[in-house]
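J.: Provided herewith is a single structure, encoded as structure tokens, for subsequent inquiry.
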Amino acid sequence: MFDALTAPLITLVAEVGETVMSFYKRSLQIQLKSDQTPLTIADQIAHRLIVEGLKKLTPNTPILSEESGIVPFSERSTWREYWLIDPLDGTRDFLQHTGEFCICIAYIKDHNPVFGMIYAPLTKIHYYSKNGLAFKLENKIEQRLQARSPSSPFKIVIGHHSLHNKKLKNHLKKQKNYRLTELGSALKFCEIAQGLYDYYPQFGPCSEWDSAAGACILQAAGGSVVDENGSPLQYNTKDDLASPVFFASGKP
């Protein structure tokens with residue numbers, strides 16, 4: 001299925017990325033959602049374009065987006081397969097012009113991500129899983145991604161402002177000989193998948209659409225994403241859509 005879908009999805013997200021970039025560095029009106037995260041016209045248009053594109057590619061598959069209306073669990077629980085998307089992950093970074101934002105698309109089957117694609121509109125780089133492997137597409141050249149074994153110093157990547165989280169602070173105190181970098185959005189998964197970082201601990205607020213595509217890509221690159229019990233993350237198993245605390249890493 002995804003062999004046939006990969007090429008049109010690459011085209012779709014590239015086109016959406018061009019639209020998103022047309023709003024970059026412009027003065028945008030900002031709304032605050034119920035969780036106090038920002039919402040812009042770029043998020044809304046990206047959502048509409050991706051949903052329209054996915055409906056053409058797989059007309060009978062449900063779609064759950066960060067910008068969808070609330071879909072009650074009583075309905076979602078009947079879905080065995082569905083698309084899970086974040087049309088613009090890293091809206092704060094988009095507004096702050098850091099370049100660290102992306103488009104995330106995952107396909108969930110039986111509570112597990114079986115396909116993931118992340119596109120960085122600023123650099124025009126695609127990251128995706130295919131046939132159990134992970135790839136990076138840059139300047140029309142496809143390169144296989146392979147997570148690396150831990151380096152020394154241990155290279156840890158976290159989100160901007162994450163150091164305010166007390167649990168993360170305590171977790172980092174247990175680490176030895178590490179170098180810490182901050183990076184926005186789900187691009188952290190992609191950086192570990194291509195061997196640039198070793199570890200991404202996530203203790204703060206995070207939703208299922210923030211982690212699914214990246215987890216799938218990183219796992220296909222030989223890395224892992226597990227919860228506090230050491231189990232892979234599962235999706236659409238409960239009423240809320242919050243991801244648990246998780247730890248993303250390269251090869252053991």
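Residue numbering restarts at 1 in every chain; chains get A, B, ... in the order shown in the structure tokens, and ligands count up from 1 in that same order.
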So that I can check the secondary structure, give me every residue of stretch 4-252 of chain A assigned strand (DSSP E or B) by backbone DSSP, as a PyMOL selection string.

T.: chain A and resi 31-32+38-39+63-65+81-89+102-109+112-120+125-130+133-138+141-145+154-158+178-182+199-202+207+224-227+232+242+246-249

J.: Write out as JSON, numbers by chain the residues lying within 9 Å of stretch 181-197 of chain A, counting only C-alpha atoms and excluding same-chain residues fewer than 5 positions away.

T.: {"A": [89, 90, 91, 92, 93, 98, 99, 100, 101, 102, 103, 104, 118, 119, 120, 127, 134, 135, 136, 144, 145, 146, 147, 148, 149, 150, 151, 154, 155, 156, 157, 158, 159, 160, 161, 162, 210, 211, 213, 214, 215, 217, 218, 219, 220, 221, 222, 223, 248, 249, 250]}

J.: Fewer than 4 positions away in the same chain doesn't count, so skip those; otherwise give me all residues within 9 Å of stretch 56-59 of chain A, counting only C-alpha atoms, as a PyMOL selection string.

T.: chain A and resi 5+8-9+51-52

J.: Just the selected residues (N, CA and C atoms), exported as an mmCIF file, in the first residue's frame, please.

T.:
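Once everything was written out, this is again13.cif:
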```
data_model
loop_
_atom_site.group_PDB
_atom_site.id
_atom_site.type_symbol
_atom_site.label_atom_id
_atom_site.label_comp_id
_atom_site.auth_asym_id
_atom_site.auth_seq_id
_atom_site.Cartn_x
_atom_site.Cartn_y
_atom_site.Cartn_z
ATOM 1 N N LEU A 5 1.747 4.779 -2.238
ATOM 2 C CA LEU A 5 1.344 6.065 -1.667
ATOM 3 C C LEU A 5 2.505 7.012 -1.395
ATOM 4 N N PRO A 8 2.982 10.021 -4.137
ATOM 5 C CA PRO A 8 1.976 11.088 -4.062
ATOM 6 C C PRO A 8 1.972 11.829 -2.728
ATOM 7 N N LEU A 9 2.341 11.143 -1.641
ATOM 8 C CA LEU A 9 2.409 11.831 -0.352
ATOM 9 C C LEU A 9 3.580 12.817 -0.327
ATOM 10 N N VAL A 51 -5.949 17.099 4.429
ATOM 11 C CA VAL A 51 -7.157 16.273 4.531
ATOM 12 C C VAL A 51 -7.751 16.039 3.146
ATOM 13 N N GLU A 52 -7.820 17.079 2.334
ATOM 14 C CA GLU A 52 -8.356 16.920 0.977
ATOM 15 C C GLU A 52 -7.501 15.941 0.173
#
```

J.: To one decimal place in Å, what is the distance between atom CA of A:Cys206 and atom CA of A:Gly53?

T.: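 Between these atoms lies a distance of 25.7 Å.
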
J.: Using only C-alpha atoms, determine which residues lie at most 12 Å from A:His97, disregarding the query and same-chain residues fewer than 6 positions distant; provide the list as a PyMOL selection string.

T.: chain A and resi 21+23-27+90-91+122+184

J.: As a list in words, please: every residue in stretch 12-59 of chain A that a backbone DSSP assignment puts in helix (DSSP H, G or I).

T.: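 Helix (DSSP H, G or I) assignments inside stretch 12-59 of chain A correspond to Leu12, Val13, Ala14, Glu15, Val16, Gly17, Glu18, Thr19, Val20, Met21, Ile41, Ala42, Asp43, Gln44, Ile45, Ala46, His47, Arg48, Leu49, Ile50, Val51, Glu52, Gly53, Leu54, Lys55, Lys56 and Leu57 of chain A.
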
J.: Kindly export the residues of the current selection with N, CA and C atoms, as a PDB file, in the first residue's frame.

T.:
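part_5.pdb was written with the following content:
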```pdb
ATOM      1  N   LEU A  12       2.302  15.735  -2.170  1.00  0.00           N
ATOM      2  CA  LEU A  12       1.285  16.442  -1.391  1.00  0.00           C
ATOM      3  C   LEU A  12       1.913  17.329  -0.331  1.00  0.00           C
ATOM      4  N   VAL A  13       2.796  16.756   0.481  1.00  0.00           N
ATOM      5  CA  VAL A  13       3.338  17.561   1.584  1.00  0.00           C
ATOM      6  C   VAL A  13       4.276  18.653   1.066  1.00  0.00           C
ATOM      7  N   ALA A  14       4.935  18.416  -0.065  1.00  0.00           N
ATOM      8  CA  ALA A  14       5.775  19.467  -0.647  1.00  0.00           C
ATOM      9  C   ALA A  14       4.915  20.648  -1.081  1.00  0.00           C
ATOM     10  N   GLU A  15       3.764  20.354  -1.675  1.00  0.00           N
ATOM     11  CA  GLU A  15       2.851  21.424  -2.098  1.00  0.00           C
ATOM     12  C   GLU A  15       2.283  22.159  -0.894  1.00  0.00           C
ATOM     13  N   VAL A  16       1.926  21.410   0.144  1.00  0.00           N
ATOM     14  CA  VAL A  16       1.432  22.041   1.370  1.00  0.00           C
ATOM     15  C   VAL A  16       2.536  22.890   1.992  1.00  0.00           C
ATOM     16  N   GLY A  17       3.761  22.378   1.953  1.00  0.00           N
ATOM     17  CA  GLY A  17       4.884  23.126   2.494  1.00  0.00           C
ATOM     18  C   GLY A  17       5.100  24.453   1.787  1.00  0.00           C
ATOM     19  N   GLU A  18       4.908  24.477   0.477  1.00  0.00           N
ATOM     20  CA  GLU A  18       5.030  25.734  -0.274  1.00  0.00           C
ATOM     21  C   GLU A  18       3.990  26.742   0.202  1.00  0.00           C
ATOM     22  N   THR A  19       2.780  26.249   0.447  1.00  0.00           N
ATOM     23  CA  THR A  19       1.714  27.133   0.943  1.00  0.00           C
ATOM     24  C   THR A  19       2.054  27.650   2.333  1.00  0.00           C
ATOM     25  N   VAL A  20       2.526  26.754   3.197  1.00  0.00           N
ATOM     26  CA  VAL A  20       2.918  27.159   4.551  1.00  0.00           C
ATOM     27  C   VAL A  20       3.997  28.231   4.493  1.00  0.00           C
ATOM     28  N   MET A  21       4.990  28.051   3.619  1.00  0.00           N
ATOM     29  CA  MET A  21       6.093  29.004   3.532  1.00  0.00           C
ATOM     30  C   MET A  21       5.653  30.366   3.000  1.00  0.00           C
ATOM     31  N   ILE A  41      -3.529  30.922  10.485  1.00  0.00           N
ATOM     32  CA  ILE A  41      -4.140  30.562   9.204  1.00  0.00           C
ATOM     33  C   ILE A  41      -3.277  29.529   8.479  1.00  0.00           C
ATOM     34  N   ALA A  42      -1.963  29.529   8.723  1.00  0.00           N
ATOM     35  CA  ALA A  42      -1.080  28.538   8.093  1.00  0.00           C
ATOM     36  C   ALA A  42      -1.439  27.130   8.569  1.00  0.00           C
ATOM     37  N   ASP A  43      -1.699  26.971   9.885  1.00  0.00           N
ATOM     38  CA  ASP A  43      -2.129  25.672  10.424  1.00  0.00           C
ATOM     39  C   ASP A  43      -3.433  25.222   9.764  1.00  0.00           C
ATOM     40  N   GLN A  44      -4.374  26.151   9.668  1.00  0.00           N
ATOM     41  CA  GLN A  44      -5.710  25.816   9.184  1.00  0.00           C
ATOM     42  C   GLN A  44      -5.705  25.443   7.702  1.00  0.00           C
ATOM     43  N   ILE A  45      -4.953  26.193   6.902  1.00  0.00           N
ATOM     44  CA  ILE A  45      -4.900  25.885   5.470  1.00  0.00           C
ATOM     45  C   ILE A  45      -4.140  24.583   5.234  1.00  0.00           C
ATOM     46  N   ALA A  46      -3.043  24.373   5.969  1.00  0.00           N
ATOM     47  CA  ALA A  46      -2.301  23.117   5.829  1.00  0.00           C
ATOM     48  C   ALA A  46      -3.197  21.931   6.175  1.00  0.00           C
ATOM     49  N   HIS A  47      -3.980  22.059   7.242  1.00  0.00           N
ATOM     50  CA  HIS A  47      -4.923  21.007   7.629  1.00  0.00           C
ATOM     51  C   HIS A  47      -5.891  20.711   6.485  1.00  0.00           C
ATOM     52  N   ARG A  48      -6.488  21.737   5.936  1.00  0.00           N
ATOM     53  CA  ARG A  48      -7.481  21.537   4.873  1.00  0.00           C
ATOM     54  C   ARG A  48      -6.859  20.861   3.655  1.00  0.00           C
ATOM     55  N   LEU A  49      -5.697  21.307   3.233  1.00  0.00           N
ATOM     56  CA  LEU A  49      -5.062  20.752   2.040  1.00  0.00           C
ATOM     57  C   LEU A  49      -4.643  19.298   2.238  1.00  0.00           C
ATOM     58  N   ILE A  50      -4.117  18.974   3.415  1.00  0.00           N
ATOM     59  CA  ILE A  50      -3.696  17.594   3.675  1.00  0.00           C
ATOM     60  C   ILE A  50      -4.906  16.665   3.738  1.00  0.00           C
ATOM     61  N   VAL A  51      -5.949  17.099   4.429  1.00  0.00           N
ATOM     62  CA  VAL A  51      -7.157  16.273   4.531  1.00  0.00           C
ATOM     63  C   VAL A  51      -7.751  16.039   3.146  1.00  0.00           C
ATOM     64  N   GLU A  52      -7.820  17.079   2.334  1.00  0.00           N
ATOM     65  CA  GLU A  52      -8.356  16.920   0.977  1.00  0.00           C
ATOM     66  C   GLU A  52      -7.501  15.941   0.173  1.00  0.00           C
ATOM     67  N   GLY A  53      -6.184  16.053   0.305  1.00  0.00           N
ATOM     68  CA  GLY A  53      -5.293  15.158  -0.429  1.00  0.00           C
ATOM     69  C   GLY A  53      -5.412  13.714   0.015  1.00  0.00           C
ATOM     70  N   LEU A  54      -5.495  13.488   1.333  1.00  0.00           N
ATOM     71  CA  LEU A  54      -5.601  12.118   1.842  1.00  0.00           C
ATOM     72  C   LEU A  54      -6.938  11.490   1.459  1.00  0.00           C
ATOM     73  N   LYS A  55      -7.975  12.289   1.431  1.00  0.00           N
ATOM     74  CA  LYS A  55      -9.292  11.748   1.042  1.00  0.00           C
ATOM     75  C   LYS A  55      -9.295  11.288  -0.409  1.00  0.00           C
ATOM     76  N   LYS A  56      -8.513  11.939  -1.243  1.00  0.00           N
ATOM     77  CA  LYS A  56      -8.408  11.501  -2.638  1.00  0.00           C
ATOM     78  C   LYS A  56      -7.601  10.211  -2.743  1.00  0.00           C
ATOM     79  N   LEU A  57      -6.558  10.098  -1.928  1.00  0.00           N
ATOM     80  CA  LEU A  57      -5.690   8.923  -1.995  1.00  0.00           C
ATOM     81  C   LEU A  57      -6.320   7.692  -1.352  1.00  0.00           C
TER      82      LEU A  57
END
```

J.: By how many Å are atom CA of A:Asn60 and atom CA of A:Leu241 apart?

T.: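 Computing the Euclidean distance for atom CA of A:Asn60 and atom CA of A:Leu241 yields 22.2 Å.
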
J.: Using only C-alpha atoms, which residue out of A:Leu95, A:Gln143, A:Pro62, A:Arg80 lies closest to A:Thr40?

T.: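 Ranking A:Leu95, A:Gln143, A:Pro62, A:Arg80 by distance to A:Thr40, first place goes to A:Leu95.
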
J.: Which one is closest to A:Thr78: A:Asp110, A:Glu66, A:Glu208, A:Asp198? Count only C-alpha atoms.

T.: A:Asp110

J.: Considering only C-alpha atoms, state which residue in the set A:Lys238, A:Lys33, A:Lys169, A:Lys140 is at the smallest distance from A:Ser74.

T.: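 With only C-alpha atoms as the atom set, the closest residue is A:Lys238.
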
J.: With distances taken over only C-alpha atoms, which residue among A:Ser34, A:Asn177, A:Asn229, A:Asn139 lies nearest A:Glu67?

T.: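 Nearest to A:Glu67: A:Ser34.
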
J.: Please provide as a list in words all residues within 12 Å of A:Val114, with the sequence filter that same-chain residues fewer than 5 positions apart are discarded (counting only C-alpha atoms).

T.: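 Answer for this query is Met1, Phe2, Glu81, Tyr82, Trp83, Leu84, Ile105, Ala106, Tyr107, Ile108, Lys109, Tyr128, Ser129, Lys130, Asn131, Gly132, Leu133, Ala134, Ala212, Ala213, Gly214, Ala215, Cys216, Ile217, Leu218, Gln219, Ala220, Gln234 and Tyr235 of chain A.
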